[in-house]
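Trainee: One file: run-v2.cif (mmCIF, C-alpha atoms).
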data_final
#
loop_
_atom_site.group_PDB
_atom_site.id
_atom_site.type_symbol
_atom_site.label_atom_id
_atom_site.label_comp_id
_atom_site.auth_asym_id
_atom_site.auth_seq_id
_atom_site.Cartn_x
_atom_site.Cartn_y
_atom_site.Cartn_z
ATOM 1 C CA MET Y 1 -8.989 -35.602 -21.360
ATOM 2 C CA THR Y 2 -9.635 -35.243 -17.641
ATOM 3 C CA VAL Y 3 -10.729 -31.611 -18.103
ATOM 4 C CA VAL Y 4 -13.222 -32.605 -20.803
ATOM 5 C CA ALA Y 5 -14.528 -35.472 -18.682
ATOM 6 C CA THR Y 6 -15.026 -33.273 -15.627
ATOM 7 C CA ILE Y 7 -16.856 -30.645 -17.714
ATOM 8 C CA CYS Y 8 -19.063 -33.405 -19.122
ATOM 9 C CA LEU Y 9 -19.801 -34.866 -15.682
ATOM 10 C CA VAL Y 10 -20.696 -31.449 -14.246
ATOM 11 C CA ALA Y 11 -22.994 -30.798 -17.222
ATOM 12 C CA LEU Y 12 -24.590 -34.214 -16.683
ATOM 13 C CA CYS Y 13 -25.277 -33.308 -13.060
ATOM 14 C CA LEU Y 14 -26.940 -30.099 -14.237
ATOM 15 C CA ALA Y 15 -29.082 -32.031 -16.700
ATOM 16 C CA ALA Y 16 -29.970 -34.489 -13.936
ATOM 17 C CA LEU Y 17 -31.098 -31.591 -11.747
ATOM 18 C CA LEU Y 18 -33.370 -30.354 -14.527
ATOM 19 C CA VAL Y 19 -34.802 -33.849 -14.923
ATOM 20 C CA LEU Y 20 -35.376 -34.076 -11.152
ATOM 21 C CA VAL Y 21 -37.329 -30.817 -11.318
ATOM 22 C CA ARG Y 22 -39.630 -32.371 -13.902
ATOM 23 C CA LEU Y 23 -39.790 -35.561 -11.860
ATOM 24 C CA ALA Y 24 -41.023 -33.582 -8.852
ATOM 25 C CA LEU Y 25 -43.346 -31.300 -10.781
ATOM 26 C CA GLY Y 26 -44.678 -33.752 -13.349
ATOM 27 C CA PRO Y 27 -48.462 -33.645 -12.901
ATOM 28 C CA THR Y 28 -49.148 -37.021 -14.518
ATOM 29 C CA VAL Y 29 -47.470 -40.407 -14.261
ATOM 30 C CA PRO Y 30 -46.318 -40.488 -17.939
ATOM 31 C CA ASP Y 31 -44.411 -37.262 -17.230
ATOM 32 C CA ARG Y 32 -42.555 -39.044 -14.473
ATOM 33 C CA ILE Y 33 -41.871 -42.079 -16.652
ATOM 34 C CA VAL Y 34 -40.319 -39.839 -19.308
ATOM 35 C CA ALA Y 35 -38.262 -38.065 -16.660
ATOM 36 C CA LEU Y 36 -37.020 -41.364 -15.206
ATOM 37 C CA ASP Y 37 -36.185 -42.705 -18.645
ATOM 38 C CA THR Y 38 -34.137 -39.577 -19.350
ATOM 39 C CA LEU Y 39 -32.472 -39.847 -15.938
ATOM 40 C CA LEU Y 40 -31.481 -43.403 -16.736
ATOM 41 C CA GLN Y 41 -29.905 -42.398 -20.027
ATOM 42 C CA LEU Y 42 -27.965 -39.700 -18.135
ATOM 43 C CA VAL Y 43 -26.643 -42.468 -15.868
ATOM 44 C CA LEU Y 44 -25.603 -44.384 -18.984
ATOM 45 C CA MET Y 45 -23.688 -41.373 -20.246
ATOM 46 C CA GLY Y 46 -22.042 -40.918 -16.842
ATOM 47 C CA ILE Y 47 -20.813 -44.513 -16.782
ATOM 48 C CA ALA Y 48 -19.510 -44.243 -20.360
ATOM 49 C CA ILE Y 49 -17.667 -41.004 -19.522
ATOM 50 C CA GLY Y 50 -16.255 -42.650 -16.401
ATOM 51 C CA ALA Y 51 -14.936 -45.508 -18.532
ATOM 52 C CA ALA Y 52 -13.464 -42.984 -20.977
ATOM 53 C CA LEU Y 53 -11.856 -41.031 -18.133
ATOM 54 C CA THR Y 54 -10.209 -43.960 -16.376
ATOM 55 C CA GLY Y 55 -9.646 -46.035 -19.504
ATOM 56 C CA ASP Y 56 -10.452 -49.348 -17.809
ATOM 57 C CA GLY Y 57 -13.553 -51.194 -18.920
ATOM 58 C CA SER Y 58 -14.419 -53.188 -15.804
ATOM 59 C CA PHE Y 59 -17.505 -51.047 -15.224
ATOM 60 C CA LEU Y 60 -18.963 -51.511 -18.700
ATOM 61 C CA ALA Y 61 -20.876 -54.677 -17.874
ATOM 62 C CA VAL Y 62 -23.045 -52.445 -15.679
ATOM 63 C CA LEU Y 63 -23.603 -50.219 -18.700
ATOM 64 C CA VAL Y 64 -25.135 -53.005 -20.771
ATOM 65 C CA ALA Y 65 -27.250 -54.219 -17.844
ATOM 66 C CA VAL Y 66 -28.548 -50.765 -16.969
ATOM 67 C CA SER Y 67 -29.509 -49.956 -20.561
ATOM 68 C CA LEU Y 68 -31.516 -53.179 -20.908
ATOM 69 C CA LEU Y 69 -33.143 -52.912 -17.475
ATOM 70 C CA GLY Y 70 -34.064 -49.322 -18.209
ATOM 71 C CA PHE Y 71 -35.932 -50.321 -21.310
ATOM 72 C CA VAL Y 72 -37.754 -53.177 -19.561
ATOM 73 C CA GLY Y 73 -38.651 -50.905 -16.644
ATOM 74 C CA THR Y 74 -40.039 -48.169 -18.854
ATOM 75 C CA VAL Y 75 -42.147 -50.583 -20.871
ATOM 76 C CA THR Y 76 -43.488 -52.263 -17.714
ATOM 77 C CA VAL Y 77 -44.534 -49.010 -16.092
ATOM 78 C CA ALA Y 78 -46.088 -47.822 -19.355
ATOM 79 C CA ARG Y 79 -48.213 -50.968 -19.492
ATOM 80 C CA PHE Y 80 -49.104 -50.549 -15.830
ATOM 81 C CA VAL Y 81 -50.251 -46.972 -16.371
ATOM 82 C CA GLU Y 82 -52.249 -48.004 -19.417
ATOM 83 C CA ARG Y 83 -54.274 -50.520 -17.379
ATOM 84 C CA ARG Y 84 -54.695 -48.471 -14.186
ATOM 85 C CA GLY Y 85 -55.077 -44.962 -15.637
ATOM 86 C CA SER Y 86 -52.681 -42.148 -14.728
ATOM 87 C CA MET V 87 -6.007 -36.840 -32.707
ATOM 88 C CA THR V 88 -8.389 -39.409 -31.223
ATOM 89 C CA ASP V 89 -8.410 -37.390 -27.972
ATOM 90 C CA VAL V 90 -9.725 -34.344 -29.812
ATOM 91 C CA LEU V 91 -12.333 -36.400 -31.649
ATOM 92 C CA SER V 92 -13.576 -38.169 -28.519
ATOM 93 C CA ALA V 93 -13.631 -34.846 -26.637
ATOM 94 C CA VAL V 94 -15.829 -33.327 -29.348
ATOM 95 C CA LEU V 95 -18.123 -36.373 -29.311
ATOM 96 C CA LEU V 96 -18.405 -36.395 -25.523
ATOM 97 C CA LEU V 97 -19.115 -32.664 -25.287
ATOM 98 C CA SER V 98 -21.749 -32.737 -28.024
ATOM 99 C CA GLY V 99 -23.458 -35.787 -26.475
ATOM 100 C CA VAL V 100 -23.593 -34.152 -23.066
ATOM 101 C CA SER V 101 -24.814 -30.841 -24.481
ATOM 102 C CA LEU V 102 -27.663 -32.782 -26.109
ATOM 103 C CA ALA V 103 -28.500 -34.206 -22.687
ATOM 104 C CA LEU V 104 -28.585 -30.681 -21.254
ATOM 105 C CA ILE V 105 -30.915 -29.551 -24.038
ATOM 106 C CA ALA V 106 -33.136 -32.555 -23.318
ATOM 107 C CA GLY V 107 -33.274 -31.676 -19.617
ATOM 108 C CA LEU V 108 -34.109 -28.079 -20.409
ATOM 109 C CA GLY V 109 -36.834 -29.068 -22.869
ATOM 110 C CA LEU V 110 -38.242 -31.525 -20.365
ATOM 111 C CA VAL V 111 -38.748 -28.758 -17.819
ATOM 112 C CA ARG V 112 -40.040 -26.022 -20.074
ATOM 113 C CA PHE V 113 -42.528 -27.737 -22.387
ATOM 114 C CA PRO V 114 -46.222 -27.599 -21.417
ATOM 115 C CA ASP V 115 -47.549 -31.019 -22.380
ATOM 116 C CA VAL V 116 -46.598 -34.699 -22.025
ATOM 117 C CA PHE V 117 -46.248 -35.204 -25.752
ATOM 118 C CA SER V 118 -44.066 -32.148 -26.308
ATOM 119 C CA ARG V 119 -41.951 -33.137 -23.307
ATOM 120 C CA MET V 120 -41.459 -36.552 -24.860
ATOM 121 C CA HIS V 121 -40.204 -34.875 -28.031
ATOM 122 C CA ALA V 122 -37.665 -32.974 -25.981
ATOM 123 C CA ALA V 123 -36.636 -35.851 -23.743
ATOM 124 C CA THR V 124 -36.381 -38.984 -25.801
ATOM 125 C CA LYS V 125 -34.806 -37.931 -29.093
ATOM 126 C CA PRO V 126 -31.792 -35.894 -27.927
ATOM 127 C CA THR V 127 -30.833 -38.296 -25.157
ATOM 128 C CA THR V 128 -30.823 -41.222 -27.558
ATOM 129 C CA LEU V 129 -28.446 -39.407 -29.910
ATOM 130 C CA GLY V 130 -26.505 -38.149 -26.886
ATOM 131 C CA VAL V 131 -25.977 -41.673 -25.584
ATOM 132 C CA LEU V 132 -24.829 -42.740 -29.056
ATOM 133 C CA LEU V 133 -22.321 -39.870 -29.305
ATOM 134 C CA VAL V 134 -21.008 -40.394 -25.775
ATOM 135 C CA THR V 135 -20.574 -44.131 -26.192
ATOM 136 C CA VAL V 136 -18.762 -43.717 -29.517
ATOM 137 C CA GLY V 137 -16.596 -40.998 -27.951
ATOM 138 C CA ALA V 138 -15.822 -43.213 -24.966
ATOM 139 C CA SER V 139 -15.051 -46.205 -27.184
ATOM 140 C CA LEU V 140 -12.177 -44.187 -28.696
ATOM 141 C CA GLN V 141 -10.669 -43.782 -25.229
ATOM 142 C CA VAL V 142 -11.058 -47.285 -23.815
ATOM 143 C CA ASP V 143 -7.932 -49.494 -24.026
ATOM 144 C CA SER V 144 -9.026 -53.067 -24.684
ATOM 145 C CA GLY V 145 -11.082 -54.230 -27.648
ATOM 146 C CA ASP V 146 -13.871 -56.037 -25.860
ATOM 147 C CA ASP V 147 -14.691 -52.902 -23.829
ATOM 148 C CA ARG V 148 -15.050 -51.057 -27.109
ATOM 149 C CA VAL V 149 -17.490 -53.749 -28.266
ATOM 150 C CA LYS V 150 -19.516 -53.357 -25.049
ATOM 151 C CA LEU V 151 -19.804 -49.605 -25.568
ATOM 152 C CA LEU V 152 -20.894 -49.943 -29.177
ATOM 153 C CA LEU V 153 -23.313 -52.689 -28.114
ATOM 154 C CA VAL V 154 -24.951 -50.313 -25.653
ATOM 155 C CA ALA V 155 -25.196 -47.664 -28.373
ATOM 156 C CA ALA V 156 -26.970 -50.180 -30.642
ATOM 157 C CA PHE V 157 -29.290 -51.295 -27.812
ATOM 158 C CA GLN V 158 -30.267 -47.725 -26.995
ATOM 159 C CA PHE V 159 -30.935 -46.958 -30.629
ATOM 160 C CA LEU V 160 -33.195 -49.993 -30.944
ATOM 161 C CA THR V 161 -35.047 -49.813 -27.643
ATOM 162 C CA ALA V 162 -35.520 -46.078 -27.049
ATOM 163 C CA PRO V 163 -38.148 -45.583 -29.794
ATOM 164 C CA VAL V 164 -40.158 -48.564 -28.554
ATOM 165 C CA ALA V 165 -40.111 -47.312 -24.973
ATOM 166 C CA ALA V 166 -41.093 -43.797 -26.041
ATOM 167 C CA HIS V 167 -43.925 -45.194 -28.153
ATOM 168 C CA MET V 168 -45.235 -47.177 -25.192
ATOM 169 C CA ILE V 169 -45.170 -44.111 -22.948
ATOM 170 C CA GLY V 170 -46.959 -42.018 -25.568
ATOM 171 C CA ARG V 171 -49.638 -44.638 -26.063
ATOM 172 C CA ALA V 172 -50.135 -44.940 -22.297
ATOM 173 C CA ALA V 173 -50.362 -41.150 -22.000
ATOM 174 C CA TYR V 174 -52.859 -40.929 -24.854
ATOM 175 C CA ARG V 175 -55.069 -43.764 -23.680
ATOM 176 C CA THR V 176 -55.256 -42.636 -20.076
ATOM 177 C CA GLY V 177 -55.891 -39.032 -21.114
ATOM 178 C CA ALA V 178 -52.749 -37.817 -19.376
ATOM 179 C CA GLY V 179 -51.752 -35.770 -22.409
ATOM 180 C CA ALA V 180 -53.918 -32.688 -23.060
ATOM 181 C CA ILE V 181 -55.939 -34.443 -25.765
ATOM 182 C CA ASP V 182 -58.409 -31.614 -26.350
ATOM 183 C CA GLU V 183 -55.607 -29.167 -27.165
ATOM 184 C CA LEU V 184 -54.282 -31.386 -29.960
ATOM 185 C CA VAL V 185 -54.601 -29.655 -33.361
ATOM 186 C CA VAL V 186 -54.306 -32.899 -35.349
ATOM 187 C CA ASP V 187 -55.603 -36.072 -33.724
ATOM 188 C CA GLU V 188 -55.457 -38.848 -36.283
ATOM 189 C CA LEU V 189 -56.068 -41.525 -33.660
ATOM 190 C CA ARG V 190 -59.494 -40.146 -32.915
ATOM 191 C CA ASP V 191 -60.781 -39.524 -36.451
#
Take the structure in the file and give it back as structure tokens.
Mentor:
Amino acid sequence: MTVVATICLVALCLAALLVLVRLALGPTVPDRIVALDTLLQLVLMGIAIGAALTGDGSFLAVLVAVSLLGFVGTVTVARFVERRGS
Amino acid sequence: MTDVLSAVLLLSGVSLALIAGLGLVRFPDVFSRMHAATKPTTLGVLLVTVGASLQVDSGDDRVKLLLVAAFQFLTAPVAAHMIGRAAYRTGAGAIDELVVDELRD
């Protein structure tokens, strides 16, 4: 199980690097919102894999909080961009 | 047996995240990037949380993981829709290159 979890975490870091490339390059603000939303879901996966690896669930309250805050954040920035223009 | 199943779920969820990252970098336009970024990561989060729920010891942690999977499945489409609408209205997406633009006609 630890081998699978380490492979998954390394792959998540690779995916996060790709997302950071888009975050840096993204010409418009909606590009960056999409990149940040994806980055947040990568963090969610990382926390879930960490809980699977160690087996204890003390960190899972963060998981629920991060997933809700991520949604609220994305919607807020989308409304902000809509009013201000990208 | 559950170890093998959760390993398969975890690996497939993470590979979806990699595909999403790759698509996010390579696609030319905001809308096509959204296709690549939002759909696979939502399924990836679902697979990873279900895979992790097989590994976690106590019951209420398993409920938290499945709760997050349900939240992501409900909220990700709404968030993606909001981003797409913001991109369309502010002209961030390449509107003139769109072949079919039902919002305009």
Trainee: Distance atom CA of V:Thr88-atom CA of Y:Leu53, one decimal place?
Mentor: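 Atom-to-atom, atom CA of V:Thr88 to atom CA of Y:Leu53, that is 13.6 Å.
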Trainee: For chain V versus stretch 58-61 of chain Y, which residues have an atom no more than 9 Å away, and what is each residue's nearest atom pair and distance in Å rounded to one decimal, using all atoms listed in the file, chain-then-number order, as a Markdown table?
Mentor:
| residue | atom | partner | partner_atom | distance |
| --- | --- | --- | --- | --- |
| V:Asp147 | CA | Y:Leu60 | CA | 6.8 |
| V:Lys150 | CA | Y:Leu60 | CA | 6.6 |
| V:Leu151 | CA | Y:Leu60 | CA | 7.2 |
Trainee: Find the residues of chain Y in contact range of chain V, meaning any atom within 7 Å when counting all atoms listed in the file, and list them as a PyMOL selection string.
Mentor: chain Y and resi 1+4+8+11-12+15+18-19+21-22+28+30-31+34+38+41+45+48-49+51-52+55-57+60+64+67+71+74-75+78-79+81-82+85-86
Trainee: Taking only C-alpha atoms into account, which of Y:Ala16, Y:Leu44, Y:Leu25, Y:Gly50 comes nearest Y:Thr2?
Mentor: Y:Gly50
Trainee: Taking all atoms of stretch 4-8 of chain Y that appear in the file, build a box with edges along x, y and z, extend it by 3 Å on every side, and state its centre and edge lengths in Å to one decimal, as AutoDock Vina command-line options.
Mentor:
--center_x -16.1 --center_y -33.1 --center_z -18.2 --size_x 11.8 --size_y 10.8 --size_z 11.2
Trainee: Quick one: distance from atom CA of Y:Ala24 to atom CA of Y:Leu40 in Å, one decimal?
Mentor: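 Between atom CA of Y:Ala24 and atom CA of Y:Leu40 the gap works out to 15.8 Å.
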Trainee: Which distance in Å separates atom CA of Y:Cys13 and atom CA of Y:Phe80, to one decimal?
Mentor: 29.5 Å
Trainee: Please supply stretch 55-73 of chain Y, rebuilt with N, CA and C atoms, as a tab-separated table (two decimals), in the frame of the given file.
Mentor:
chain	number	residue	atom	x	y	z
Y	55	GLY	N	-10.27	-45.18	-18.50
Y	55	GLY	CA	-9.65	-46.04	-19.50
Y	55	GLY	C	-9.85	-47.51	-19.25
Y	56	ASP	N	-10.24	-47.90	-18.01
Y	56	ASP	CA	-10.45	-49.35	-17.81
Y	56	ASP	C	-11.92	-49.64	-18.04
Y	57	GLY	N	-12.20	-50.88	-18.51
Y	57	GLY	CA	-13.55	-51.19	-18.92
Y	57	GLY	C	-14.27	-52.09	-17.95
Y	58	SER	N	-13.79	-52.20	-16.69
Y	58	SER	CA	-14.42	-53.19	-15.80
Y	58	SER	C	-15.85	-52.79	-15.49
Y	59	PHE	N	-16.18	-51.49	-15.64
Y	59	PHE	CA	-17.50	-51.05	-15.22
Y	59	PHE	C	-18.52	-51.15	-16.35
Y	60	LEU	N	-18.08	-51.62	-17.54
Y	60	LEU	CA	-18.96	-51.51	-18.70
Y	60	LEU	C	-20.02	-52.61	-18.71
Y	61	ALA	N	-19.81	-53.68	-17.94
Y	61	ALA	CA	-20.88	-54.68	-17.87
Y	61	ALA	C	-22.11	-54.04	-17.25
Y	62	VAL	N	-21.90	-53.13	-16.29
Y	62	VAL	CA	-23.04	-52.44	-15.68
Y	62	VAL	C	-23.77	-51.64	-16.74
Y	63	LEU	N	-22.99	-51.07	-17.67
Y	63	LEU	CA	-23.60	-50.22	-18.70
Y	63	LEU	C	-24.62	-51.01	-19.51
Y	64	VAL	N	-24.23	-52.20	-19.95
Y	64	VAL	CA	-25.14	-53.00	-20.77
Y	64	VAL	C	-26.35	-53.39	-19.95
Y	65	ALA	N	-26.13	-53.78	-18.69
Y	65	ALA	CA	-27.25	-54.22	-17.84
Y	65	ALA	C	-28.21	-53.07	-17.59
Y	66	VAL	N	-27.67	-51.90	-17.29
Y	66	VAL	CA	-28.55	-50.76	-16.97
Y	66	VAL	C	-29.36	-50.37	-18.19
Y	67	SER	N	-28.75	-50.40	-19.38
Y	67	SER	CA	-29.51	-49.96	-20.56
Y	67	SER	C	-30.65	-50.92	-20.86
Y	68	LEU	N	-30.42	-52.24	-20.65
Y	68	LEU	CA	-31.52	-53.18	-20.91
Y	68	LEU	C	-32.59	-53.06	-19.83
Y	69	LEU	N	-32.14	-52.99	-18.56
Y	69	LEU	CA	-33.14	-52.91	-17.48
Y	69	LEU	C	-33.96	-51.64	-17.61
Y	70	GLY	N	-33.32	-50.56	-18.05
Y	70	GLY	CA	-34.06	-49.32	-18.21
Y	70	GLY	C	-35.19	-49.47	-19.20
Y	71	PHE	N	-34.88	-50.14	-20.30
Y	71	PHE	CA	-35.93	-50.32	-21.31
Y	71	PHE	C	-37.07	-51.18	-20.75
Y	72	VAL	N	-36.71	-52.29	-20.09
Y	72	VAL	CA	-37.75	-53.18	-19.56
Y	72	VAL	C	-38.59	-52.44	-18.53
Y	73	GLY	N	-37.92	-51.64	-17.68
Y	73	GLY	CA	-38.65	-50.90	-16.64
Y	73	GLY	C	-39.63	-49.92	-17.25
